[in-house]
file data17.txt (compact mmCIF, C-alpha atoms)
# COMPACT_ATOMS: atom_id res chain seq x y z
CA MET O 1 106.65 88.65 79.35
CA PRO O 2 106.57 85.04 78.11
CA ALA O 3 106.87 82.26 80.66
CA PRO O 4 110.29 80.58 80.98
CA ALA O 5 110.71 77.35 79.03
CA ASP O 6 110.88 75.27 82.22
CA ALA O 7 107.86 76.89 83.88
CA LEU O 8 105.87 73.65 84.02
CA GLU O 9 108.68 71.74 85.74
CA VAL O 10 109.32 74.56 88.22
CA VAL O 11 105.66 74.77 89.24
CA CYS O 12 105.61 70.97 89.49
CA ALA O 13 108.59 71.14 91.88
CA LEU O 14 106.80 73.79 93.92
CA ARG O 15 103.75 71.53 94.18
CA LEU O 16 105.94 68.59 95.17
CA GLY O 17 107.39 70.48 98.11
CA TRP O 18 103.96 71.73 99.07
CA TYR O 19 102.36 68.28 99.05
CA LEU O 20 105.24 66.68 100.91
CA ALA O 21 104.59 69.08 103.78
CA GLU O 22 100.84 68.51 103.50
CA VAL O 23 101.15 64.71 103.54
CA ARG O 24 103.30 64.91 106.64
CA GLY O 25 100.88 67.31 108.32
CA ARG O 26 97.75 65.33 107.48
CA ASN O 27 99.30 62.14 108.87
CA ARG O 28 100.85 63.70 111.97
CA PRO O 29 99.09 62.56 115.15
CA ALA O 30 97.16 65.48 116.65
CA GLY O 31 98.11 67.47 113.58
CA PRO O 32 96.25 70.51 112.26
CA GLN O 33 92.61 70.18 111.28
CA PRO O 34 91.76 72.64 108.50
CA PRO O 35 88.39 74.35 108.74
CA GLY O 36 85.93 72.76 106.34
CA ASN O 37 82.39 71.58 105.82
CA GLU O 38 82.70 67.83 106.18
CA PHE O 39 79.28 66.20 106.35
CA SER O 40 78.75 63.51 108.96
CA ARG O 41 76.05 61.87 106.83
CA ARG O 42 76.75 61.32 103.17
CA GLY O 43 74.22 58.82 102.01
CA SER O 44 73.14 58.20 98.42
CA HIS O 45 76.70 58.67 97.20
CA PHE O 46 76.70 62.41 97.79
CA LEU O 47 79.49 64.07 95.79
CA PRO O 48 81.47 66.40 98.06
CA LEU O 49 83.64 69.33 97.14
CA ARG O 50 87.25 69.04 98.18
CA ILE O 51 86.72 70.92 101.45
CA GLU O 52 83.73 68.67 102.19
CA ARG O 53 85.69 65.43 101.97
CA SER O 54 86.61 63.58 105.14
CA ALA O 55 90.05 63.89 106.70
CA ALA O 56 90.90 60.37 105.52
CA GLU O 57 89.83 61.18 101.95
CA GLN O 58 91.86 64.37 101.86
CA ARG O 59 94.86 62.53 103.27
CA ALA O 60 94.57 59.89 100.54
CA GLU O 61 94.23 62.61 97.90
CA ALA O 62 97.38 64.39 99.10
CA GLN O 63 99.32 61.12 99.04
CA ALA O 64 98.13 60.37 95.50
CA VAL O 65 99.26 63.81 94.31
CA LEU O 66 102.62 63.37 96.03
CA CYS O 67 103.14 60.02 94.30
CA LYS O 68 102.36 61.49 90.87
CA LEU O 69 104.57 64.56 91.32
CA ALA O 70 107.51 62.57 92.66
CA GLY O 71 107.30 60.28 89.64
CA ASP O 72 107.06 63.17 87.17
CA LEU O 73 110.17 64.82 88.64
CA GLN O 74 112.07 61.52 88.87
CA VAL O 75 112.67 61.70 92.61
CA ASP O 76 110.54 58.72 93.65
CA THR O 77 112.59 55.61 92.92
CA VAL O 78 115.89 54.66 94.55
CA LEU O 79 118.07 51.57 94.51
CA VAL O 80 117.80 49.43 97.64
CA ASN O 81 119.90 46.25 97.64
CA GLY O 82 120.14 46.46 93.88
CA GLN O 83 116.38 46.79 93.38
CA GLN O 84 114.19 49.77 92.50
CA GLN O 85 112.06 50.99 95.37
CA SER O 86 109.35 53.65 95.32
CA ARG O 87 109.66 56.00 98.28
CA THR O 88 106.08 57.19 97.92
CA ALA O 89 104.88 53.57 97.99
CA VAL O 90 106.71 53.14 101.30
CA ILE O 91 105.06 56.31 102.61
CA GLU O 92 101.65 55.07 101.47
CA ARG O 93 102.13 51.74 103.21
CA MET O 94 103.32 53.29 106.45
CA ALA O 95 100.48 55.82 106.40
CA ARG O 96 97.98 52.96 106.29
CA VAL O 97 99.70 51.32 109.27
CA LEU O 98 99.52 54.58 111.22
CA ALA O 99 95.85 55.12 110.34
CA ALA O 100 95.01 51.61 111.57
CA ALA O 101 96.86 51.99 114.87
CA GLU O 102 95.06 53.02 118.04
CA PRO O 103 95.93 56.67 118.81
CA GLU O 104 98.47 57.38 121.56
CA THR O 105 99.65 53.79 121.80
CA PRO O 106 103.20 52.47 121.39
CA ALA O 107 102.15 51.05 118.02
CA ALA O 108 100.97 54.48 116.86
CA VAL O 109 104.18 56.13 118.07
CA ALA O 110 106.30 53.55 116.24
CA ALA O 111 104.21 53.91 113.08
CA TRP O 112 104.58 57.70 113.11
CA ASP O 113 108.34 57.46 113.66
CA ALA O 114 108.63 55.13 110.66
CA LEU O 115 106.41 57.32 108.47
CA SER O 116 108.16 60.57 109.38
CA ALA O 117 111.53 58.92 108.67
CA ALA O 118 110.32 57.82 105.23
CA ILE O 119 109.09 61.34 104.46
CA TYR O 120 112.42 62.76 105.63
CA GLN O 121 114.26 60.40 103.29
CA LEU O 122 112.08 61.40 100.34
CA ASP O 123 112.68 65.07 101.14
CA ALA O 124 116.45 64.60 101.29
CA HIS O 125 116.45 62.65 98.02
CA ALA O 126 114.22 65.25 96.34
CA GLN O 127 116.41 68.15 97.44
CA ASP O 128 119.58 66.42 96.22
CA THR O 129 118.08 65.36 92.90
CA LEU O 130 116.38 68.66 92.10
CA ALA O 131 119.51 70.64 93.00
CA ALA O 132 121.42 68.52 90.48
CA GLN O 133 118.71 69.04 87.84
CA SER O 134 118.10 72.77 88.16
CA ASP O 135 118.60 75.54 90.69
CA MET O 136 115.15 76.88 89.88
CA ARG O 137 113.45 73.54 90.54
CA ALA O 138 115.34 73.22 93.81
CA ALA O 139 114.30 76.75 94.84
CA ALA O 140 110.68 76.09 93.89
CA TYR O 141 110.63 72.86 95.90
CA GLN O 142 111.96 74.63 98.99
CA LEU O 143 109.54 77.53 98.57
CA GLY O 144 106.54 75.23 98.26
CA ARG O 145 107.53 73.09 101.21
CA GLY O 146 108.46 76.07 103.38
CA LEU O 147 105.19 77.91 102.78
CA ALA O 148 103.09 74.81 103.36
CA GLU O 149 104.99 73.90 106.52
CA ALA O 150 103.99 77.21 108.08
CA TYR O 151 100.60 75.58 108.66
CA TRP O 152 101.05 71.83 108.29
CA ALA O 153 104.08 71.54 110.59
CA LEU O 154 102.76 73.98 113.18
CA ASP O 155 101.85 73.05 116.72
CA PRO O 156 100.31 76.29 118.00
CA ASP O 157 100.88 75.27 121.61
CA ALA O 158 104.54 74.32 121.18
CA ALA O 159 107.02 76.25 123.30
CA CYS O 160 109.26 78.73 121.49
CA ALA O 161 111.94 78.84 124.19
CA PRO O 162 113.98 76.89 123.45
CA LEU O 163 113.15 77.04 119.76
CA MET O 164 111.27 73.98 118.51
CA PRO O 165 110.84 73.06 114.81
CA GLN O 166 107.05 72.99 115.17
CA CYS O 167 106.63 76.31 116.99
CA TRP O 168 105.51 79.70 115.67
CA ALA O 169 108.88 81.37 116.13
CA PHE O 170 110.66 78.77 114.00
CA LEU O 171 108.22 78.19 111.15
CA LEU O 172 107.45 81.91 110.78
CA GLY O 173 110.56 83.35 112.37
CA GLU O 174 112.72 86.05 110.85
CA GLN O 175 115.33 83.73 109.35
CA ARG O 176 112.86 81.40 107.64
CA CYS O 177 110.56 84.18 106.42
CA GLN O 178 113.49 86.06 104.91
CA GLU O 179 114.70 82.92 103.16
CA LEU O 180 111.24 82.18 101.77
CA ALA O 181 110.96 85.77 100.54
CA ARG O 182 114.34 85.41 98.82
CA LEU O 183 113.19 82.19 97.17
CA ALA O 184 110.03 83.92 95.96
CA GLY O 185 112.16 86.71 94.53
CA ARG O 186 114.40 84.27 92.65
CA LEU O 187 111.34 82.66 91.11
CA SER O 188 109.47 85.90 90.35
CA GLY O 189 109.90 85.38 86.61
CA TYR O 190 107.61 82.35 86.80
CA PHE O 191 104.67 84.16 88.38
CA ASN O 192 102.53 87.22 87.88
CA PRO O 193 104.80 90.26 88.53
CA TYR O 194 102.84 91.15 91.66
CA CYS O 195 102.82 87.65 93.18
CA ALA O 196 106.33 87.53 94.64
CA PRO O 197 106.05 90.94 96.38
CA ALA O 198 102.63 89.93 97.72
CA VAL O 199 104.06 86.71 99.14
CA ALA O 200 106.99 88.62 100.65
CA GLY O 201 104.63 91.15 102.22
CA THR O 202 102.38 88.52 103.76
CA LEU O 203 105.40 86.61 105.06
CA ARG O 204 106.56 89.80 106.77
CA LEU O 205 103.08 90.14 108.24
CA TRP O 206 102.99 86.58 109.56
CA GLN O 207 106.46 86.98 111.00
CA SER O 208 105.04 89.76 113.18
CA VAL O 209 101.95 87.71 114.05
CA ALA O 210 104.09 84.73 115.07
CA SER O 211 106.31 86.86 117.30
CA ASP O 212 103.35 88.32 119.22
CA GLN O 213 101.71 85.87 121.66
CA GLU O 214 98.45 87.82 121.75
CA TRP O 215 98.26 88.32 118.01
CA ARG O 216 98.80 84.66 117.17
CA LYS O 217 96.11 83.40 119.55
CA GLY O 218 93.41 81.79 117.46
CA ALA O 219 95.24 82.72 114.25
CA GLN O 220 95.62 79.16 112.96
CA ASP O 221 92.49 79.25 110.80
CA HIS O 222 93.60 82.58 109.35
CA LEU O 223 96.94 80.99 108.56
CA TYR O 224 95.18 78.20 106.67
CA ARG O 225 93.33 80.77 104.58
CA GLN O 226 96.65 82.51 103.95
CA LEU O 227 98.05 79.18 102.82
CA ARG O 228 95.24 78.82 100.31
CA ARG O 229 95.94 82.32 99.01
CA TRP O 230 99.60 81.45 98.43
CA TYR O 231 98.60 78.25 96.64
CA GLU O 232 96.13 80.09 94.42
CA LEU O 233 98.71 82.69 93.42
CA LEU O 234 101.82 80.57 92.97
CA ILE O 235 100.47 77.23 91.77
CA LEU O 236 97.04 77.90 90.30
CA GLY O 237 98.22 81.13 88.67
CA GLN O 238 95.43 83.37 89.93
CA ASP O 239 95.85 87.02 88.98
CA PRO O 240 96.34 88.83 92.32
CA SER O 241 94.48 91.88 91.05
CA THR O 242 91.25 89.84 91.25
CA LEU O 243 91.59 89.89 95.04
CA ILE O 244 91.48 93.68 95.28
CA PRO O 245 88.05 94.78 96.55
CA PRO O 246 85.97 97.05 94.31
CA TYR O 247 86.89 100.75 94.52
CA ALA O 248 89.91 99.98 96.70
CA LEU O 249 92.06 102.06 94.33
CA LEU O 250 90.02 105.12 95.26
CA LYS O 251 89.91 104.37 98.97
CA ASP O 252 93.53 103.47 99.59
CA TRP O 253 95.20 106.85 99.05
CA ARG O 254 97.71 105.93 101.75
CA ALA O 255 99.39 103.48 99.38
CA ALA O 256 100.26 106.29 96.97
CA PHE O 257 101.43 108.47 99.86
CA HIS O 258 103.59 105.63 101.18
CA ALA O 259 105.21 105.15 97.77
CA ALA O 260 105.81 108.89 97.38
CA ARG O 261 107.44 109.04 100.80
CA ALA O 262 109.76 106.18 99.87
CA LEU O 263 110.90 108.07 96.75
CA TRP O 264 110.97 111.57 98.22
CA ILE O 265 114.60 112.20 97.25
CA GLN O 266 113.92 111.52 93.57
CA ILE O 267 110.74 113.61 93.65
CA VAL O 268 112.44 116.60 95.30
CA THR O 269 115.41 116.37 92.94
CA ALA O 270 113.13 116.28 89.91
CA ALA O 271 111.11 119.24 91.20
CA ILE O 272 114.23 121.34 91.86
CA SER O 273 115.64 120.47 88.44
CA ILE O 274 112.45 121.48 86.69
CA GLY O 275 112.31 124.72 88.68
CA LEU O 276 115.89 125.66 87.82
CA VAL O 277 115.42 124.97 84.12
CA ILE O 278 112.22 127.03 84.04
CA ALA O 279 113.96 129.90 85.84
CA LEU O 280 116.94 129.90 83.48
CA ILE O 281 114.79 129.73 80.36
CA THR O 282 112.61 132.57 81.69
CA LEU O 283 115.67 134.75 82.29
CA ILE O 284 116.95 134.18 78.79
CA LEU O 285 113.61 134.79 77.10
CA SER O 286 113.07 138.00 79.06
CA GLY O 287 116.52 139.26 78.07
CA SER O 288 117.61 139.72 81.66
CA ALA O 289 120.17 136.95 81.64
CA ASN O 290 123.70 138.18 82.15
CA ALA O 291 126.77 137.15 80.21
CA VAL O 292 127.62 134.38 82.64
CA LEU O 293 124.26 132.68 82.14
CA LYS O 294 124.54 133.03 78.38
CA ALA O 295 128.00 131.51 78.52
CA ILE O 296 126.70 128.61 80.58
CA PHE O 297 123.94 127.91 78.08
CA GLY O 298 126.43 128.26 75.24
CA VAL O 299 128.62 125.58 76.77
CA VAL O 300 125.60 123.41 77.49
CA GLY O 301 124.50 123.77 73.87
CA VAL O 302 127.95 122.82 72.59
CA VAL O 303 127.97 119.58 74.60
CA GLY O 304 124.52 118.73 73.31
CA LEU O 305 122.40 119.66 76.32
CA SER O 306 120.03 122.07 74.68
CA ALA O 307 116.83 123.21 76.32
CA ALA O 308 114.95 120.70 74.21
CA SER O 309 117.16 117.82 75.33
CA ILE O 310 116.87 118.92 78.96
CA GLN O 311 113.10 119.06 78.61
CA ALA O 312 113.03 115.61 77.02
CA GLY O 313 115.24 114.19 79.75
CA LEU O 314 113.11 115.68 82.49
CA LYS O 315 109.97 114.35 80.84
CA THR O 316 111.44 110.85 80.65
CA THR O 317 112.56 111.02 84.29
CA ALA O 318 109.16 112.25 85.42
CA GLN O 319 107.36 109.52 83.51
CA GLY O 320 109.64 106.86 84.95
CA LEU O 321 109.17 108.23 88.44
CA LEU O 322 105.39 108.32 88.05
CA SER O 323 105.38 104.76 86.72
CA ARG O 324 107.43 103.57 89.71
CA LEU O 325 105.10 105.37 92.11
CA ARG O 326 102.07 103.71 90.54
CA GLN O 327 103.74 100.29 90.65
CA ASP O 328 104.71 100.62 94.32
CA ALA O 329 101.27 101.88 95.31
CA TYR O 330 99.58 99.08 93.39
CA THR O 331 101.94 96.47 94.85
CA ASP O 332 101.02 97.60 98.36
CA LEU O 333 97.36 97.37 97.41
CA VAL O 334 97.77 93.83 96.04
CA ALA O 335 99.83 92.62 99.00
CA SER O 336 97.26 93.99 101.44
CA ALA O 337 94.44 92.28 99.53
CA VAL O 338 96.29 88.95 99.65
CA ALA O 339 96.83 89.14 103.43
CA GLU O 340 94.63 86.85 105.52
CA ALA O 341 95.84 87.60 109.06
CA PRO O 342 93.63 88.63 111.97
CA GLY O 343 93.63 92.25 113.11
CA LYS O 344 96.26 93.15 115.66
CA PRO O 345 94.84 93.11 119.21
CA GLY O 346 95.08 96.43 121.02
CA ALA O 347 95.87 98.45 117.90
CA ARG O 348 93.92 101.66 117.31
CA SER O 349 93.08 100.33 113.87
CA PRO O 350 93.65 96.54 113.72
CA HIS O 351 93.34 96.45 109.93
CA ARG O 352 95.80 99.30 109.41
CA ALA O 353 98.27 97.48 111.63
CA VAL O 354 98.06 94.52 109.25
CA VAL O 355 98.57 96.75 106.21
CA ALA O 356 101.53 98.47 107.87
CA GLU O 357 103.26 95.12 108.40
CA VAL O 358 102.65 94.05 104.80
CA ARG O 359 104.30 97.25 103.58
CA LYS O 360 107.53 96.30 105.33
CA ARG O 361 108.20 93.84 102.51
CA THR O 362 111.70 93.89 101.03
CA LEU O 363 110.65 92.69 97.58
CA THR O 364 109.17 94.85 94.85
CA THR O 365 107.91 94.38 91.32
CA VAL O 366 110.01 94.29 88.18
CA GLY O 367 110.46 97.64 86.46
CA ASP O 368 108.25 96.87 83.46
CA ALA O 369 105.29 95.45 85.39
CA ALA O 370 102.02 96.77 84.03
CA VAL O 371 99.64 98.60 86.35
CA PRO O 372 95.96 97.96 85.53

call {"tool": "encode", "arguments": {"input": "data17.txt", "output": "C-alpha cells"}}
result
Amino acid sequence: MPAPADALEVVCALRLGWYLAEVRGRNRPAGPQPPGNEFSRRGSHFLPLRIERSAAEQRAEAQAVLCKLAGDLQVDTVLVNGQQQSRTAVIERMARVLAAAEPETPAAVAAWDALSAAIYQLDAHAQDTLAAQSDMRAAAYQLGRGLAEAYWALDPDAACAPLMPQCWAFLLGEQRCQELARLAGRLSGYFNPYCAPAVAGTLRLWQSVASDQEWRKGAQDHLYRQLRRWYELLILGQDPSTLIPPYALLKDWRAAFHAARALWIQIVTAAISIGLVIALITLILSGSANAVLKAIFGVVGVVGLSAASIQAGLKTTAQGLLSRLRQDAYTDLVASAVAEAPGKPGARSPHRAVVAEVRKRTLTTVGDAAVP
C-alpha cells in the first residue's frame, strides 16, 4: 500500500513531539540517565557514536533537532509585543542558564521553572497549530510525545498515591496507554502494517509492569530500550519482522493456537458447514436421498446456490479464515519480538508472562497485511 501523501509531515510531527519530551527530560534536574558508553577520556578528537556522546552533547543535539522540527512545522515563531519570537531560541537560552547554575540551589530551581514553562508554552502552541493544520499531524505529535514521556518524564521513585504526573501509574497507566494505542491505530496507515499492533501490545505490557511494584523495580533501563524500539519502528521505519529471532516461527506454536482460540466460532462454523455439505452431496450421489432432500437441493439450485457455488464459497471462507489466523499469529510473534520488558518476578515462566501481556493488545493488523 503506498504511503499517504502527507507521510513526511506526519512523521515530522511525531518526531517533534518525541524530541520535545526528550529535551525536557534531558534538562530536568535529576532526570533520567540513559544507559550508554560515554568515555571519560576522549583525547585526540575521538569521534563518538551517539550513545557515546556526553550528556551535555546529547542534550544539545536534542535541542538542535527540536529547533529544526519546530521550524519545519511552523510552530516555532509567535508574536510577542508585535515582534516575532522563536520559542525554541528561548528554550535554548534558558537551558544554558540551567546548565550553568549550581545544582539544587535557588538559582537552579528558578532556571528549571522558567525552562519548563517555556517548554509548556511551545507544547501548547504546537498542539493548537497542528490541530488546525491536520488531525493526523496532531495525533502524530501526541503519540510521539506520549511514548517518549514514558521514559523522559518518569521519576521511578515518585509516589503513585495520590497520582503524580511523573509516576509510573500516570505515564503508563490504563488511561494513557489506551489513548496512545488509539493514536497508534489512527496512524497505522503511515507505518508498516505490523507496527501499530506491536506498539499497542508493548503498551499493554508496560501498563502491567507499571502497575506491579515488584515488576517495575529496576525496569527503567528496559523501558529505555523499549523507547528505542518504538523510535526505530515508527520514525526510522524499521521493518518489525527483522526483530523476530531466527526459527521463531517454528518455535512459537502457541501464537497459532492463541489465534485459533480467538476465532474458534468461525472455525467450528466452517467445519460444520463443510461436514453438512459433504453429507448431503454423499447422500445424493449414493441415491439414498429422499424426496425432501432432493426438493431442498432443487430450491437451492433455483436460487443459484448450486453445489459448485457452495464449494466455492466455502473455499473462499476457509482461505480468508486461514489468512486471518496467519496474520494474528504473526502479529503476536512480532509484538513479542518488539517487547523489551524484564521478566515478571515470581512467574513460573517470566518470559511467557511477558508474551501473555503483549497478546492482550486491542489493536490488530489490517485485513490485507502480507505475512512473510

call {"tool": "atom_distance", "arguments": {"input": "data17.txt", "atom1": "atom CA of Ala184 of chain O", "atom2": "atom CA of Leu363 of chain O"}}
result
8.9 Å

call {"tool": "residues_around", "arguments": {"input": "data17.txt", "residues": "Lys360 of chain O", "least_positions_apart": "6", "cutoff": "12 Å", "atoms": "only C-alpha atoms", "output": "JSON, numbers by chain"}}
result
{"O": [178, 197, 198, 199, 200, 201, 202, 203, 204, 205, 206, 207, 208, 258, 259, 262, 331, 332, 335, 336, 353, 354]}

call {"tool": "atom_distance", "arguments": {"input": "data17.txt", "atom1": "atom CA of Glu174 of chain O", "atom2": "atom CA of Val209 of chain O"}}
result
11.4 Å

call {"tool": "residues_around", "arguments": {"input": "data17.txt", "residues": "Leu183 of chain O", "least_positions_apart": "3", "cutoff": "7 Å", "atoms": "all atoms listed in the file", "output": "list in words"}}
result
Ala139, Leu143, Glu179, Leu180, Arg186 and Leu187 of chain O

call {"tool": "atom_distance", "arguments": {"input": "data17.txt", "atom1": "atom CA of Gln213 of chain O", "atom2": "atom CA of Pro345 of chain O"}}
result
10.3 Å

call {"tool": "closest_residue", "arguments": {"input": "data17.txt", "among": "O:Arg50, O:Arg87, O:Arg26, O:Arg145", "to": "Ala13 of chain O", "atoms": "only C-alpha atoms"}}
result
O:Arg145

call {"tool": "residues_around", "arguments": {"input": "data17.txt", "residues": "Arg28 of chain O", "least_positions_apart": "3", "cutoff": "9 Å", "atoms": "only C-alpha atoms", "output": "PyMOL selection string"}}
result
chain O and resi 23-25+31-32+112+116+152-153

call {"tool": "closest_residue", "arguments": {"input": "data17.txt", "among": "O:His125, O:Ala101, O:Ala89, O:Gly189", "to": "Ala5 of chain O", "atoms": "all atoms listed in the file"}}
result
O:Gly189

call {"tool": "closest_residue", "arguments": {"input": "data17.txt", "among": "O:Tyr190, O:Ala339, O:Arg53, O:Ala210", "to": "Met136 of chain O", "atoms": "all atoms listed in the file"}}
result
O:Tyr190

call {"tool": "closest_residue", "arguments": {"input": "data17.txt", "among": "O:Ala111, O:Leu79, O:Leu122, O:Ala99", "to": "Ala55 of chain O", "atoms": "all atoms listed in the file"}}
result
O:Ala99

call {"tool": "residues_around", "arguments": {"input": "data17.txt", "residues": "Leu69 of chain O", "least_positions_apart": "6", "cutoff": "12 Å", "atoms": "all atoms listed in the file", "output": "PDB file with C-alpha atoms, keeping the file's coordinate frame"}}
result
ATOM      1  CA  LEU O   8     105.870  73.650  84.020  1.00  0.00           C
ATOM      2  CA  GLU O   9     108.680  71.740  85.740  1.00  0.00           C
ATOM      3  CA  VAL O  10     109.320  74.560  88.220  1.00  0.00           C
ATOM      4  CA  VAL O  11     105.660  74.770  89.240  1.00  0.00           C
ATOM      5  CA  CYS O  12     105.610  70.970  89.490  1.00  0.00           C
ATOM      6  CA  ALA O  13     108.590  71.140  91.880  1.00  0.00           C
ATOM      7  CA  LEU O  14     106.800  73.790  93.920  1.00  0.00           C
ATOM      8  CA  ARG O  15     103.750  71.530  94.180  1.00  0.00           C
ATOM      9  CA  LEU O  16     105.940  68.590  95.170  1.00  0.00           C
ATOM     10  CA  GLY O  17     107.390  70.480  98.110  1.00  0.00           C
ATOM     11  CA  TRP O  18     103.960  71.730  99.070  1.00  0.00           C
ATOM     12  CA  TYR O  19     102.360  68.280  99.050  1.00  0.00           C
ATOM     13  CA  LEU O  20     105.240  66.680 100.910  1.00  0.00           C
ATOM     14  CA  ALA O  62      97.380  64.390  99.100  1.00  0.00           C
ATOM     15  CA  GLN O  63      99.320  61.120  99.040  1.00  0.00           C
ATOM     16  CA  VAL O  75     112.670  61.700  92.610  1.00  0.00           C
ATOM     17  CA  ASP O  76     110.540  58.720  93.650  1.00  0.00           C
ATOM     18  CA  THR O  88     106.080  57.190  97.920  1.00  0.00           C
ATOM     19  CA  ALA O 126     114.220  65.250  96.340  1.00  0.00           C
ATOM     20  CA  TYR O 141     110.630  72.860  95.900  1.00  0.00           C
TER      21      TYR O 141
END
